Amino acid sequence: MTMAKTRFDLTGRVVIVTGGGSGIGKVYSTRLAEAGARVLIADLKREDSERTAAALAGAPGEALAVATDVSDEAATMRMAEAAVNKWGRIDGLVNNAGLMSTLTRRPWHEIPVAEWDRVMEVNLRGMFLCCRAVYGQMKKQRSGSIVNISSQSVLEGTPKRLHYRTSKAGVIGLTRVLAREVGADGIRVNTITPGLTLSDTQVASSDPAHLADTAKGRALERPQVPDDLVGAVMFLLSDASAFITGQLLNVDGGKSMH
Ligand SMILES: NC(=O)c1ccc[n+]([C@@H]2O[C@H](COP(=O)([O-])OP(=O)(O)OC[C@H]3O[C@@H](n4cnc5c(N)ncnc54)[C@H](O)[C@@H]3O)[C@@H](O)[C@H]2O)c1
């Protein structure tokens, strides 16, 4: 393989995808296994993770389902241990799990306090816990790439779901600070901000009129699908991005010119 190709190659890489059993995460898990990676699918929903892993049985890579609640510290430790026990290392973590499609779009002052707290617990504390769970192994290896999924709506200040968007703004801060703290250990941390994406869960939970509008204002005026995000995730996991850390890569068809 030429050096140009090696830099993008993910064959044999051990990657944890949180929320990897359904929605966009399922597409990340699938494409990574197709690219030859060994993928640990960590989703709250056991059946979804197991079904996704089973469907990848014939892929060039491998897949393992580990039911995980990212907001539970012990569960995130078990998730990381499962990857190390099976494959001996952890090369990548895609922090994709989040509370989004299940949240009602409503004015900010109507958000129940308990719902606000749960969103922070999953979307922010969960990300912190997952980063912490893989840190020891990545530090030992002196290598690793963490990809944190935020949202383009933070760049726009899109109304409704204030708790969700606030948590996703926090992801950008978490990425920047963590990138500086773990750079000396050889670990990279970056953020992707997806535009509104037609994941199966997003489609099921949204008003069709709202979804029909989403292409408007994009330089590339068409709906965004989960596969539009895969290249950015794979690039940030691969050695092709070896000198990129603490950055935000916006993938929205050119709606926000970040
Ligand atoms: N779809 C979009 O338009 C869009 C846009 C911007 C950002 N995002 C982000 O991309 C990611 C995936 O989006 P999606 O459309 O697939 O969303 P989704 O809500 O359908 O999927 C989230 C996934 O996370 C899992 N999950 C939820 N709580 C969990 C927990 N406590 N522990 C482990 N797993 C848990 C769910 O089971 C699901 O598989 C989310 O972080 C979302 O915020 C999505």
# chains A, B, ... in the order shown; residues from 1 in each chain; ligands from 1
$ residues_near_ligand --ligand "ligand 1" --cutoff "6 Å" --atoms "only C-alpha atoms and all ligand atoms" --output "ChimeraX atom specification"
/A:18-25,43-45,68-71,96-101,122,149-151,194-199,201-202
$ write_last_selection --atoms "N, CA, C and O atoms" --output "compact mmCIF listing (two decimals), in the first residue's frame"
# COMPACT_ATOMS: atom_id res chain seq x y z
N THR A 18 -20.07 5.14 20.54
CA THR A 18 -21.19 5.19 21.49
C THR A 18 -22.45 5.56 20.73
O THR A 18 -22.41 6.29 19.73
N GLY A 19 -23.57 5.03 21.19
CA GLY A 19 -24.82 5.23 20.46
C GLY A 19 -24.72 4.61 19.08
O GLY A 19 -25.34 5.08 18.12
N GLY A 20 -23.93 3.55 18.97
CA GLY A 20 -23.64 2.96 17.66
C GLY A 20 -24.64 1.94 17.18
O GLY A 20 -24.45 1.30 16.15
N GLY A 21 -25.73 1.77 17.93
CA GLY A 21 -26.70 0.73 17.57
C GLY A 21 -27.81 1.20 16.66
O GLY A 21 -28.46 0.41 15.99
N SER A 22 -28.07 2.52 16.64
CA SER A 22 -29.16 3.03 15.80
C SER A 22 -28.80 4.43 15.30
O SER A 22 -27.75 4.98 15.66
N GLY A 23 -29.65 4.98 14.47
CA GLY A 23 -29.44 6.35 13.97
C GLY A 23 -28.12 6.49 13.23
O GLY A 23 -27.66 5.56 12.56
N ILE A 24 -27.50 7.65 13.35
CA ILE A 24 -26.25 7.92 12.62
C ILE A 24 -25.14 7.01 13.13
O ILE A 24 -24.28 6.57 12.36
N GLY A 25 -25.16 6.72 14.43
CA GLY A 25 -24.11 5.87 15.01
C GLY A 25 -24.06 4.49 14.38
O GLY A 25 -22.98 3.90 14.22
N ASP A 43 -24.19 1.00 23.04
CA ASP A 43 -25.46 1.72 23.00
C ASP A 43 -26.30 1.33 24.21
O ASP A 43 -26.21 0.22 24.72
N LEU A 44 -27.10 2.29 24.63
CA LEU A 44 -28.01 2.04 25.75
C LEU A 44 -28.97 0.89 25.41
O LEU A 44 -29.31 0.07 26.25
N LYS A 45 -29.36 0.86 24.14
CA LYS A 45 -30.33 -0.15 23.72
C LYS A 45 -29.59 -1.42 23.29
O LYS A 45 -29.01 -1.48 22.20
N THR A 68 -24.35 -0.20 26.94
CA THR A 68 -23.68 0.80 27.78
C THR A 68 -24.56 2.03 27.95
O THR A 68 -25.05 2.58 26.97
N ASP A 69 -24.71 2.47 29.19
CA ASP A 69 -25.30 3.78 29.45
C ASP A 69 -24.13 4.72 29.68
O ASP A 69 -23.43 4.61 30.68
N VAL A 70 -23.90 5.64 28.76
CA VAL A 70 -22.70 6.49 28.84
C VAL A 70 -22.72 7.42 30.06
O VAL A 70 -21.67 7.96 30.44
N SER A 71 -23.88 7.60 30.65
CA SER A 71 -23.93 8.48 31.83
C SER A 71 -23.59 7.74 33.12
O SER A 71 -23.58 8.32 34.20
N ASN A 96 -20.68 9.59 20.08
CA ASN A 96 -21.86 9.93 19.27
C ASN A 96 -23.17 9.82 20.07
O ASN A 96 -24.16 10.44 19.71
N ALA A 97 -23.17 9.05 21.16
CA ALA A 97 -24.41 8.85 21.92
C ALA A 97 -24.92 10.19 22.41
O ALA A 97 -24.15 11.06 22.81
N GLY A 98 -26.21 10.34 22.35
CA GLY A 98 -26.76 11.60 22.85
C GLY A 98 -28.26 11.53 22.93
O GLY A 98 -28.89 10.70 22.28
N LEU A 99 -28.80 12.41 23.74
CA LEU A 99 -30.25 12.56 23.77
C LEU A 99 -30.59 13.67 22.80
O LEU A 99 -30.12 14.80 22.94
N MET A 100 -31.33 13.34 21.77
CA MET A 100 -31.75 14.34 20.79
C MET A 100 -33.12 14.02 20.23
O MET A 100 -34.08 14.73 20.49
N SER A 101 -33.19 12.90 19.48
CA SER A 101 -34.43 12.65 18.74
C SER A 101 -35.62 12.41 19.68
O SER A 101 -36.77 12.59 19.28
N VAL A 122 -26.33 12.89 30.02
CA VAL A 122 -25.98 11.98 28.91
C VAL A 122 -25.01 12.68 27.95
O VAL A 122 -23.94 12.16 27.64
N ILE A 149 -19.09 14.28 18.88
CA ILE A 149 -20.15 14.77 18.00
C ILE A 149 -20.94 15.89 18.69
O ILE A 149 -21.58 15.67 19.72
N SER A 150 -20.86 17.06 18.09
CA SER A 150 -21.61 18.22 18.57
C SER A 150 -22.77 18.45 17.60
O SER A 150 -23.38 17.47 17.15
N SER A 151 -23.06 19.68 17.26
CA SER A 151 -24.16 19.95 16.32
C SER A 151 -23.97 21.32 15.67
O SER A 151 -23.60 22.29 16.35
N PRO A 194 -22.45 18.10 12.90
CA PRO A 194 -23.33 17.73 11.77
C PRO A 194 -24.49 18.71 11.63
O PRO A 194 -25.03 19.19 12.63
N GLY A 195 -24.85 19.00 10.39
CA GLY A 195 -26.10 19.71 10.15
C GLY A 195 -27.26 18.76 10.36
O GLY A 195 -27.06 17.56 10.62
N LEU A 196 -28.47 19.27 10.25
CA LEU A 196 -29.63 18.39 10.46
C LEU A 196 -29.58 17.23 9.47
O LEU A 196 -29.50 17.43 8.26
N THR A 197 -29.55 16.03 10.01
CA THR A 197 -29.27 14.83 9.23
C THR A 197 -30.46 13.87 9.29
O THR A 197 -31.00 13.62 10.38
N LEU A 198 -30.82 13.32 8.16
CA LEU A 198 -31.98 12.43 8.12
C LEU A 198 -31.61 11.02 8.59
O LEU A 198 -31.58 10.07 7.82
N SER A 199 -31.32 10.91 9.88
CA SER A 199 -31.14 9.57 10.47
C SER A 199 -32.53 8.96 10.61
O SER A 199 -33.53 9.69 10.62
N THR A 201 -33.94 7.80 13.15
CA THR A 201 -34.58 8.29 14.39
C THR A 201 -35.03 9.75 14.24
O THR A 201 -36.09 10.12 14.72
N GLN A 202 -34.22 10.55 13.56
CA GLN A 202 -34.59 11.96 13.33
C GLN A 202 -35.85 12.03 12.47
O GLN A 202 -36.78 12.79 12.76
$ closest_residue --among "A:His258, A:His163, A:Lys26, A:Val233" --to "A:Arg105" --atoms "only C-alpha atoms"
A:His163
$ select_by_dssp --residues "stretch 45-188 of chain A" --states "strand (DSSP E or B)" --output "list in words"
Glu62, Ala63, Leu64, Ala65, Gly92, Leu93, Val94, Asn95, Gly144, Ser145, Ile146, Val147, Asn148, Ile149, Ile187 and Arg188 of chain A
$ closest_residue --among "A:Ile111, A:Ile244, A:Val17, A:Val189" --to "A:Thr76" --atoms "only C-alpha atoms"
A:Val17
$ residues_around --residues "stretch 130-140 of chain A" --least-positions-apart "6" --cutoff "9 Å" --atoms "only C-alpha atoms" --output "PyMOL selection string"
chain A and resi 18+70-71+73+76-81+84+89-93+95+146+182+185-187
$ select_by_dssp --residues "stretch 47-197 of chain A" --states "alpha helix (DSSP H)" --output "PyMOL selection string"
chain A and resi 47-55+73-87+113-120+126-141+153-156+162-182
$ decode --residues "stretch 246-257 of chain A" --atoms "all heavy atoms" --output "short mmCIF file (atom, residue, chain, number, x, y, z; two decimals), in the first residue's frame"
data_model
loop_
_atom_site.label_atom_id
_atom_site.label_comp_id
_atom_site.auth_asym_id
_atom_site.auth_seq_id
_atom_site.Cartn_x
_atom_site.Cartn_y
_atom_site.Cartn_z
N GLY A 246 -8.03 19.42 18.61
CA GLY A 246 -8.71 20.59 19.20
C GLY A 246 -9.57 21.34 18.20
O GLY A 246 -10.04 22.44 18.48
N GLN A 247 -9.83 20.73 17.05
CA GLN A 247 -10.52 21.45 15.97
C GLN A 247 -11.99 21.07 15.86
O GLN A 247 -12.44 20.07 16.41
CB GLN A 247 -9.82 21.16 14.63
CG GLN A 247 -8.35 21.51 14.63
CD GLN A 247 -8.10 22.97 15.03
OE1 GLN A 247 -8.69 23.88 14.47
NE2 GLN A 247 -7.22 23.17 16.02
N LEU A 248 -12.69 21.92 15.13
CA LEU A 248 -14.12 21.70 14.86
C LEU A 248 -14.28 21.56 13.35
O LEU A 248 -13.88 22.46 12.61
CB LEU A 248 -14.91 22.90 15.39
CG LEU A 248 -16.43 22.84 15.36
CD1 LEU A 248 -16.98 23.90 16.32
CD2 LEU A 248 -17.00 23.06 13.99
N LEU A 249 -14.82 20.43 12.93
CA LEU A 249 -15.06 20.21 11.49
C LEU A 249 -16.57 20.23 11.28
O LEU A 249 -17.28 19.34 11.77
CB LEU A 249 -14.44 18.87 11.08
CG LEU A 249 -14.57 18.40 9.64
CD1 LEU A 249 -14.19 19.49 8.64
CD2 LEU A 249 -13.68 17.19 9.40
N ASN A 250 -17.03 21.25 10.58
CA ASN A 250 -18.47 21.40 10.36
C ASN A 250 -18.87 20.69 9.07
O ASN A 250 -18.32 20.95 8.01
CB ASN A 250 -18.82 22.90 10.27
CG ASN A 250 -20.30 23.11 10.08
OD1 ASN A 250 -21.12 22.50 10.78
ND2 ASN A 250 -20.68 23.96 9.14
N VAL A 251 -19.85 19.79 9.17
CA VAL A 251 -20.30 19.01 8.00
C VAL A 251 -21.80 19.26 7.83
O VAL A 251 -22.63 18.59 8.47
CB VAL A 251 -20.02 17.51 8.20
CG1 VAL A 251 -20.40 16.71 6.95
CG2 VAL A 251 -18.56 17.25 8.55
N ASP A 252 -22.14 20.25 7.00
CA ASP A 252 -23.56 20.60 6.85
C ASP A 252 -23.92 21.06 5.45
O ASP A 252 -24.94 21.75 5.27
CB ASP A 252 -23.95 21.68 7.88
CG ASP A 252 -23.34 23.04 7.56
OD1 ASP A 252 -22.45 23.10 6.68
OD2 ASP A 252 -23.76 24.04 8.16
N GLY A 253 -23.08 20.70 4.46
CA GLY A 253 -23.38 21.09 3.08
C GLY A 253 -23.22 22.59 2.85
O GLY A 253 -23.74 23.14 1.89
N GLY A 254 -22.48 23.24 3.75
CA GLY A 254 -22.18 24.66 3.57
C GLY A 254 -23.30 25.58 4.00
O GLY A 254 -23.57 26.60 3.37
N LYS A 255 -23.95 25.23 5.11
CA LYS A 255 -24.96 26.15 5.65
C LYS A 255 -24.27 27.19 6.54
O LYS A 255 -24.37 28.39 6.31
CB LYS A 255 -26.02 25.38 6.44
CG LYS A 255 -27.20 26.25 6.83
CD LYS A 255 -28.37 25.41 7.27
CE LYS A 255 -29.62 26.27 7.42
NZ LYS A 255 -30.79 25.47 7.79
N SER A 256 -23.55 26.71 7.53
CA SER A 256 -22.73 27.61 8.34
C SER A 256 -21.33 27.61 7.73
O SER A 256 -20.73 26.56 7.58
CB SER A 256 -22.59 27.09 9.78
OG SER A 256 -23.82 27.10 10.42
N MET A 257 -20.84 28.79 7.41
CA MET A 257 -19.47 28.89 6.86
C MET A 257 -18.54 29.12 8.04
O MET A 257 -18.19 30.26 8.34
CB MET A 257 -19.38 30.02 5.84
CG MET A 257 -20.29 29.83 4.65
SD MET A 257 -19.64 28.56 3.55
CE MET A 257 -20.85 28.54 2.24
#
